[in-house]
file data.pdb (PDB, C-alpha atoms)
MODEL        1
ATOM      1  CA  GLY K  15       1.400  -6.394  28.726
ATOM      2  CA  ASP K  16      -0.454  -9.261  27.082
ATOM      3  CA  GLU K  17      -0.931 -11.233  30.300
ATOM      4  CA  GLN K  18      -4.394 -12.597  31.054
ATOM      5  CA  LEU K  19      -5.480 -12.495  34.681
ATOM      6  CA  VAL K  20      -8.372 -14.011  36.625
ATOM      7  CA  LEU K  21      -9.728 -12.400  39.776
ATOM      8  CA  ARG K  22      -9.442 -14.478  42.946
ATOM      9  CA  PRO K  23     -10.681 -13.312  46.351
ATOM     10  CA  SER K  24      -8.391 -13.163  49.344
ATOM     11  CA  ASN K  25      -8.585 -15.925  51.947
ATOM     12  CA  CYS K  26     -10.925 -13.923  54.202
ATOM     13  CA  PRO K  27     -14.215 -14.918  52.474
ATOM     14  CA  HIS K  28     -13.182 -18.582  52.541
ATOM     15  CA  HIS K  29     -12.702 -18.532  56.312
ATOM     16  CA  ILE K  30     -15.920 -16.581  56.725
ATOM     17  CA  LEU K  31     -17.851 -19.267  54.825
ATOM     18  CA  ILE K  32     -16.299 -21.936  57.053
ATOM     19  CA  TYR K  33     -17.467 -19.967  60.095
ATOM     20  CA  LYS K  34     -20.964 -19.604  58.632
ATOM     21  CA  ALA K  35     -21.237 -23.324  57.822
ATOM     22  CA  VAL K  36     -22.369 -24.096  61.391
ATOM     23  CA  HIS K  37     -24.182 -22.187  64.127
ATOM     24  CA  HIS K  38     -21.956 -20.924  66.940
ATOM     25  CA  SER K  39     -22.724 -20.196  70.572
ATOM     26  CA  PHE K  40     -20.719 -18.178  73.088
ATOM     27  CA  ARG K  41     -19.222 -21.492  74.232
ATOM     28  CA  ASP K  42     -17.491 -21.889  70.841
ATOM     29  CA  MET K  43     -15.965 -18.447  70.849
ATOM     30  CA  PRO K  44     -13.429 -17.401  69.834
ATOM     31  CA  VAL K  45     -13.235 -19.453  66.641
ATOM     32  CA  ARG K  46      -9.700 -19.463  65.181
ATOM     33  CA  LEU K  47      -8.973 -20.534  61.592
ATOM     34  CA  ALA K  48      -5.483 -20.566  60.076
ATOM     35  CA  GLU K  49      -3.782 -21.752  56.904
ATOM     36  CA  LEU K  50      -0.782 -21.315  54.673
ATOM     37  CA  GLY K  51      -2.716 -19.935  51.725
ATOM     38  CA  THR K  52      -1.549 -19.138  48.218
ATOM     39  CA  MET K  53      -2.436 -15.606  47.162
ATOM     40  CA  PHE K  54      -1.898 -13.596  43.996
ATOM     41  CA  ARG K  55      -1.482  -9.864  43.586
ATOM     42  CA  LEU K  56      -1.137  -7.805  40.436
ATOM     43  CA  GLU K  57       2.048  -5.937  41.268
ATOM     44  CA  ARG K  58       3.417  -3.613  38.592
ATOM     45  CA  SER K  59       6.671  -4.864  37.108
ATOM     46  CA  GLY K  60       8.521  -1.811  38.376
ATOM     47  CA  VAL K  61       7.819  -2.580  42.045
ATOM     48  CA  LEU K  62       8.656  -6.292  41.972
ATOM     49  CA  GLY K  63      11.742  -7.065  43.994
ATOM     50  CA  GLY K  64      13.390 -10.402  44.747
ATOM     51  CA  LEU K  65      11.168 -12.432  47.069
ATOM     52  CA  SER K  66      10.045  -9.442  49.145
ATOM     53  CA  ARG K  67       7.476  -8.226  46.597
ATOM     54  CA  VAL K  68       6.139 -10.919  44.310
ATOM     55  CA  ARG K  69       2.927 -11.688  42.417
ATOM     56  CA  ALA K  70       2.356 -15.160  43.876
ATOM     57  CA  MET K  71       2.894 -15.701  47.576
ATOM     58  CA  THR K  72       2.222 -18.179  50.380
ATOM     59  CA  LEU K  73       0.737 -16.296  53.310
ATOM     60  CA  ASP K  74       0.628 -17.297  56.953
ATOM     61  CA  ASP K  75      -3.019 -16.285  57.161
ATOM     62  CA  ALA K  76      -5.493 -16.573  60.012
ATOM     63  CA  HIS K  77      -8.811 -15.161  61.167
ATOM     64  CA  VAL K  78     -10.197 -15.059  64.688
ATOM     65  CA  PHE K  79     -13.955 -14.686  65.141
ATOM     66  CA  ALA K  80     -14.342 -13.226  68.623
ATOM     67  CA  PRO K  81     -16.955 -11.580  70.828
ATOM     68  CA  PRO K  82     -16.278  -7.836  71.188
ATOM     69  CA  GLU K  83     -15.248  -8.231  74.827
ATOM     70  CA  ALA K  84     -12.512 -10.722  73.846
ATOM     71  CA  VAL K  85     -10.868  -8.591  71.145
ATOM     72  CA  ALA K  86      -8.252  -6.997  73.425
ATOM     73  CA  SER K  87      -7.085 -10.307  74.890
ATOM     74  CA  GLU K  88      -6.930 -11.922  71.438
ATOM     75  CA  VAL K  89      -4.855  -9.062  70.025
ATOM     76  CA  ARG K  90      -2.507  -9.206  73.026
ATOM     77  CA  GLY K  91      -2.122 -12.937  72.509
ATOM     78  CA  ILE K  92      -1.323 -12.488  68.822
ATOM     79  CA  LEU K  93       1.335  -9.872  69.596
ATOM     80  CA  ALA K  94       2.868 -12.197  72.204
ATOM     81  CA  LEU K  95       2.857 -15.094  69.735
ATOM     82  CA  THR K  96       4.476 -12.864  67.116
ATOM     83  CA  GLN K  97       7.249 -11.924  69.542
ATOM     84  CA  HIS K  98       7.798 -15.601  70.376
ATOM     85  CA  ALA K  99       8.120 -16.424  66.661
ATOM     86  CA  TYR K 100      10.597 -13.558  66.216
ATOM     87  CA  ASP K 101      12.668 -14.804  69.162
ATOM     88  CA  VAL K 102      12.802 -18.321  67.712
ATOM     89  CA  LEU K 103      13.657 -17.098  64.197
ATOM     90  CA  GLY K 104      16.112 -14.402  65.293
ATOM     91  CA  ILE K 105      14.067 -11.523  63.864
ATOM     92  CA  THR K 106      14.253  -8.046  65.390
ATOM     93  CA  ALA K 107      11.259  -5.743  65.025
ATOM     94  CA  HIS K 108      12.113  -2.177  64.056
ATOM     95  CA  ARG K 109       8.877  -0.606  65.312
ATOM     96  CA  LEU K 110       5.153  -1.081  65.767
ATOM     97  CA  ARG K 111       2.851   0.975  63.576
ATOM     98  CA  LEU K 112      -0.802   1.680  64.279
ATOM     99  CA  SER K 113      -2.106   1.968  60.728
ATOM    100  CA  LEU K 114      -5.150   4.217  60.518
ATOM    101  CA  ARG K 115      -7.720   5.213  57.890
ATOM    102  CA  GLY K 116      -7.277   8.063  55.474
ATOM    103  CA  ALA K 117      -9.708  10.627  54.112
ATOM    104  CA  ASP K 118     -10.199   9.171  50.634
ATOM    105  CA  GLU K 119     -12.920   6.894  49.295
ATOM    106  CA  HIS K 120     -10.718   3.813  49.582
ATOM    107  CA  TYR K 121     -11.911   3.265  53.157
ATOM    108  CA  VAL K 122     -15.290   1.996  54.334
ATOM    109  CA  ASP K 123     -17.477   4.995  55.194
ATOM    110  CA  ASN K 124     -18.495   4.234  58.773
ATOM    111  CA  PRO K 125     -16.874   6.642  61.263
ATOM    112  CA  ARG K 126     -18.405   4.965  64.338
ATOM    113  CA  MET K 127     -16.986   1.603  63.309
ATOM    114  CA  TRP K 128     -13.544   3.091  62.674
ATOM    115  CA  ASP K 129     -13.502   4.968  65.980
ATOM    116  CA  GLU K 130     -14.346   1.799  67.898
ATOM    117  CA  ALA K 131     -11.795  -0.400  66.123
ATOM    118  CA  GLU K 132      -8.991   2.182  66.302
ATOM    119  CA  GLN K 133      -9.567   2.751  70.017
ATOM    120  CA  ALA K 134      -9.471  -0.976  70.704
ATOM    121  CA  LEU K 135      -6.008  -1.211  69.139
ATOM    122  CA  ARG K 136      -4.800   1.965  70.858
ATOM    123  CA  ASP K 137      -5.825   0.548  74.226
ATOM    124  CA  VAL K 138      -3.893  -2.671  73.599
ATOM    125  CA  LEU K 139      -0.777  -0.771  72.545
ATOM    126  CA  ALA K 140      -1.021   1.687  75.446
ATOM    127  CA  ARG K 141      -1.120  -1.182  77.944
ATOM    128  CA  SER K 142       1.631  -3.164  76.226
ATOM    129  CA  GLY K 143       4.470  -0.875  77.254
ATOM    130  CA  MET K 144       5.872  -1.092  73.707
ATOM    131  CA  ALA K 145       6.790   1.923  71.604
ATOM    132  CA  TRP K 146       4.526   2.594  68.628
ATOM    133  CA  ASP K 147       3.688   5.219  66.031
ATOM    134  CA  GLU K 148       0.398   6.178  64.388
ATOM    135  CA  GLU K 149       0.241   6.584  60.625
ATOM    136  CA  PRO K 150      -2.840   7.550  58.583
ATOM    137  CA  ASN K 151      -3.575   6.080  55.160
ATOM    138  CA  GLU K 152      -1.983   2.731  56.056
ATOM    139  CA  ALA K 153      -5.073   0.824  57.261
ATOM    140  CA  ALA K 154      -6.820  -1.960  55.380
ATOM    141  CA  PHE K 155      -9.920  -0.673  53.595
ATOM    142  CA  TYR K 156     -12.151  -2.326  56.217
ATOM    143  CA  GLY K 157     -10.314  -1.528  59.446
ATOM    144  CA  PRO K 158      -7.206  -0.405  61.332
ATOM    145  CA  LYS K 159      -4.244  -2.627  62.090
ATOM    146  CA  ILE K 160      -1.090  -3.002  64.102
ATOM    147  CA  ASP K 161       1.821  -3.607  61.725
ATOM    148  CA  VAL K 162       5.174  -4.951  62.885
ATOM    149  CA  GLN K 163       7.825  -3.193  60.817
ATOM    150  CA  VAL K 164      11.260  -4.689  60.157
ATOM    151  CA  ARG K 165      14.279  -3.478  58.188
ATOM    152  CA  ASP K 166      15.932  -5.527  55.478
ATOM    153  CA  PRO K 167      19.747  -5.659  55.031
ATOM    154  CA  ARG K 168      19.548  -2.538  52.822
ATOM    155  CA  GLY K 169      17.760  -0.595  55.533
ATOM    156  CA  ARG K 170      14.384  -0.604  53.783
ATOM    157  CA  GLU K 171      11.336  -0.967  55.993
ATOM    158  CA  GLU K 172       8.767  -3.691  55.372
ATOM    159  CA  THR K 173       5.654  -4.892  57.181
ATOM    160  CA  LEU K 174       6.300  -8.458  58.302
ATOM    161  CA  SER K 175       3.440  -9.173  60.707
ATOM    162  CA  THR K 176      -0.003  -7.645  61.077
ATOM    163  CA  VAL K 177      -3.093  -7.860  63.257
ATOM    164  CA  GLN K 178      -6.271  -6.144  62.078
ATOM    165  CA  VAL K 179      -9.602  -5.452  63.788
ATOM    166  CA  ASP K 180     -12.544  -5.725  61.406
ATOM    167  CA  LEU K 181     -16.096  -4.654  62.280
ATOM    168  CA  HIS K 182     -17.094  -4.310  58.624
ATOM    169  CA  LEU K 183     -17.044  -7.802  57.129
ATOM    170  CA  PRO K 184     -19.119  -9.337  59.966
ATOM    171  CA  GLU K 185     -21.882  -6.921  58.931
ATOM    172  CA  VAL K 186     -21.444  -7.571  55.206
ATOM    173  CA  PHE K 187     -21.592 -11.355  55.669
ATOM    174  CA  ASP K 188     -24.213 -11.188  58.454
ATOM    175  CA  LEU K 189     -22.121 -13.191  60.915
ATOM    176  CA  GLU K 190     -23.657 -14.149  64.248
ATOM    177  CA  TYR K 191     -23.222 -16.216  67.383
ATOM    178  CA  GLN K 192     -25.638 -16.988  70.200
ATOM    179  CA  SER K 193     -24.842 -15.204  73.454
ATOM    180  CA  SER K 194     -25.261 -16.639  76.951
ATOM    181  CA  SER K 195     -28.607 -14.836  77.196
ATOM    182  CA  GLY K 196     -29.857 -16.528  74.019
ATOM    183  CA  ASP K 197     -29.841 -13.554  71.640
ATOM    184  CA  ARG K 198     -27.888 -13.355  68.399
ATOM    185  CA  ARG K 199     -24.811 -11.136  68.430
ATOM    186  CA  ARG K 200     -22.241  -9.989  65.904
ATOM    187  CA  PRO K 201     -18.622 -11.223  66.267
ATOM    188  CA  VAL K 202     -15.537  -9.196  65.416
ATOM    189  CA  ILE K 203     -13.073 -10.576  62.871
ATOM    190  CA  ILE K 204      -9.391 -10.277  63.740
ATOM    191  CA  HIS K 205      -7.198 -10.812  60.693
ATOM    192  CA  ARG K 206      -3.653 -11.804  61.504
ATOM    193  CA  SER K 207      -0.490 -12.791  59.698
ATOM    194  CA  LEU K 208       2.085 -13.940  62.202
ATOM    195  CA  ILE K 209       5.212 -14.052  60.033
ATOM    196  CA  SER K 210       3.954 -12.710  56.694
ATOM    197  CA  THR K 211       4.582 -14.622  53.483
ATOM    198  CA  MET K 212       7.049 -17.469  53.260
ATOM    199  CA  GLU K 213       8.745 -15.600  50.426
ATOM    200  CA  ARG K 214       9.262 -12.364  52.380
ATOM    201  CA  LEU K 215      10.270 -14.230  55.530
ATOM    202  CA  THR K 216      13.243 -15.764  53.711
TER     203      THR K 216
ENDMDL
END
call {"tool": "encode", "arguments": {"input": "data.pdb", "output": "structure tokens"}}
result
Amino acid sequence: GDEQLVLRPSNCPHHILIYKAVHHSFRDMPVRLAELGTMFRLERSGVLGGLSRVRAMTLDDAHVFAPPEAVASEVRGILALTQHAYDVLGITAHRLRLSLRGADEHYVDNPRMWDEAEQALRDVLARSGMAWDEEPNEAAFYGPKIDVQVRDPRGREETLSTVQVDLHLPEVFDLEYQSSSGDRRRPVIIHRSLISTMERLT
């Protein structure tokens, strides 16, 4: 229509700049940043629905900056925290989905990076004992994710919680930390939303 819109980045670059504001050593890691952040998305009018799909939302958003060897334990901890939140709130997960890259140009073109990140999440799921499915073309453009799927009262499936392994943005933003041996190393970013947006949660 005649609406005027202004581009606003997601919360990820904001947390990245906070991380970059100081030098980090292995003793600081992992660095965890979280907020309830307001986000905006240009959803077409035909797909808007109640509070489950809106243009302005308040997201339970967090980023963990972790050494590669700590990624599995951080992801396990996030899944455990998600389950605790569901138990407290009386939410039942329908299934876990390992969301993988597709073949189109939407995804970052770095097969080695994708293979490493996807395998890390597969290993966590395989050791969790939980049932899960793999689905291509559902990943974020920068990396794979574990999505916790729930069903609404009409039986429609929605992603409520997500945990994503990102090897791309640390390269783009040249993120580093000092290892115990004194050299500079690249952290991994784990994006996580524990209980999604406040609007969808209701």
call {"tool": "closest_atom_pairs", "arguments": {"input": "data.pdb", "of": "stretch 140-204 of chain K", "to": "stretch 125-129 of chain K", "cutoff": "9 Å", "atoms": "only C-alpha atoms", "output": "Markdown table"}}
result
| residue | atom | partner | partner_atom | distance |
| --- | --- | --- | --- | --- |
| K:Tyr156 | CA | K:Trp128 | CA | 8.5 |
| K:Gly157 | CA | K:Trp128 | CA | 6.5 |
| K:Pro158 | CA | K:Trp128 | CA | 7.4 |
| K:Asp180 | CA | K:Met127 | CA | 8.8 |
| K:Leu181 | CA | K:Met127 | CA | 6.4 |
| K:His182 | CA | K:Met127 | CA | 7.5 |
call {"tool": "residues_around", "arguments": {"input": "data.pdb", "residues": "stretch 24-31 of chain K", "least_positions_apart": "4", "cutoff": "7 Å", "atoms": "all atoms listed in the file", "output": "number ranges by chain"}}
result
K: 35, 47, 53
call {"tool": "write_last_selection", "arguments": {"input": "data.pdb", "atoms": "C-alpha atoms", "output": "compact mmCIF listing (two decimals), in the frame of the given file"}}
result
# COMPACT_ATOMS: atom_id res chain seq x y z
CA ALA K 35 -21.24 -23.32 57.82
CA LEU K 47 -8.97 -20.53 61.59
CA MET K 53 -2.44 -15.61 47.16
call {"tool": "residues_around", "arguments": {"input": "data.pdb", "residues": "stretch 93-100 of chain K", "least_positions_apart": "5", "cutoff": "7 Å", "atoms": "all atoms listed in the file", "output": "list in words"}}
result
Ile105, Thr106 and Leu208 of chain K
call {"tool": "residues_around", "arguments": {"input": "data.pdb", "residues": "K:Gln163", "least_positions_apart": "3", "cutoff": "8 Å", "atoms": "all atoms listed in the file", "output": "list of chain:residue names"}}
result
K:Ala107, K:His108, K:Arg109, K:Leu110, K:Arg111, K:Glu171, K:Glu172, K:Thr173, K:Leu174, K:Ser175
call {"tool": "write_last_selection", "arguments": {"input": "data.pdb", "atoms": "C-alpha atoms", "output": "short mmCIF file (atom, residue, chain, number, x, y, z; two decimals), in the coordinates of the input"}}
result
data_model
loop_
_atom_site.label_atom_id
_atom_site.label_comp_id
_atom_site.auth_asym_id
_atom_site.auth_seq_id
_atom_site.Cartn_x
_atom_site.Cartn_y
_atom_site.Cartn_z
CA ALA K 107 11.26 -5.74 65.03
CA HIS K 108 12.11 -2.18 64.06
CA ARG K 109 8.88 -0.61 65.31
CA LEU K 110 5.15 -1.08 65.77
CA ARG K 111 2.85 0.98 63.58
CA GLU K 171 11.34 -0.97 55.99
CA GLU K 172 8.77 -3.69 55.37
CA THR K 173 5.65 -4.89 57.18
CA LEU K 174 6.30 -8.46 58.30
CA SER K 175 3.44 -9.17 60.71
#
call {"tool": "closest_residue", "arguments": {"input": "data.pdb", "among": "K:Gln192, K:Asn151, K:Gln178, K:Ser207", "to": "K:Ala131", "atoms": "all atoms listed in the file"}}
result
K:Gln178
call {"tool": "closest_residue", "arguments": {"input": "data.pdb", "among": "K:Ala140, K:Val162, K:Leu135, K:Val122", "to": "K:Ser210", "atoms": "all atoms listed in the file"}}
result
K:Val162
call {"tool": "closest_residue", "arguments": {"input": "data.pdb", "among": "K:Arg214, K:His205, K:Lys159, K:Arg165", "to": "K:Ala70", "atoms": "all atoms listed in the file"}}
result
K:Arg214
call {"tool": "residues_around", "arguments": {"input": "data.pdb", "residues": "K:Pro201", "least_positions_apart": "2", "cutoff": "7 Å", "atoms": "all atoms listed in the file", "output": "ChimeraX atom specification"}}
result
/K:79-82,184,189-191,199,203
call {"tool": "resolve_selection", "arguments": {"input": "data.pdb", "expression": "the PyMOL selection byres ((chain K and resi 115) around 8)", "output": "list in words"}}
result
Ser113, Leu114, Gly116, Ala117, Tyr121, Trp128, Pro150, Asn151, Glu152, Ala153, Ala154, Phe155, Gly157 and Pro158 of chain K
call {"tool": "closest_residue", "arguments": {"input": "data.pdb", "among": "K:Val164, K:Leu215, K:Val85, K:Val102", "to": "K:Val179", "atoms": "only C-alpha atoms"}}
result
K:Val85
call {"tool": "atom_distance", "arguments": {"input": "data.pdb", "atom1": "atom CA of K:Val177", "atom2": "atom CA of K:Ile160"}}
result
5.3 Å
call {"tool": "closest_residue", "arguments": {"input": "data.pdb", "among": "K:Leu112, K:Val186, K:Val138, K:Met144", "to": "K:Ile92", "atoms": "only C-alpha atoms"}}
result
K:Val138
call {"tool": "atom_distance", "arguments": {"input": "data.pdb", "atom1": "atom CA of K:Asp161", "atom2": "atom CA of K:Gly91"}}
result
14.8 Å
call {"tool": "atom_distance", "arguments": {"input": "data.pdb", "atom1": "atom CA of K:Arg198", "atom2": "atom CA of K:Glu83"}}
result
15.1 Å
call {"tool": "closest_residue", "arguments": {"input": "data.pdb", "among": "K:Leu183, K:Val78, K:Met212, K:Ala145", "to": "K:Gly51", "atoms": "only C-alpha atoms"}}
result
K:Met212
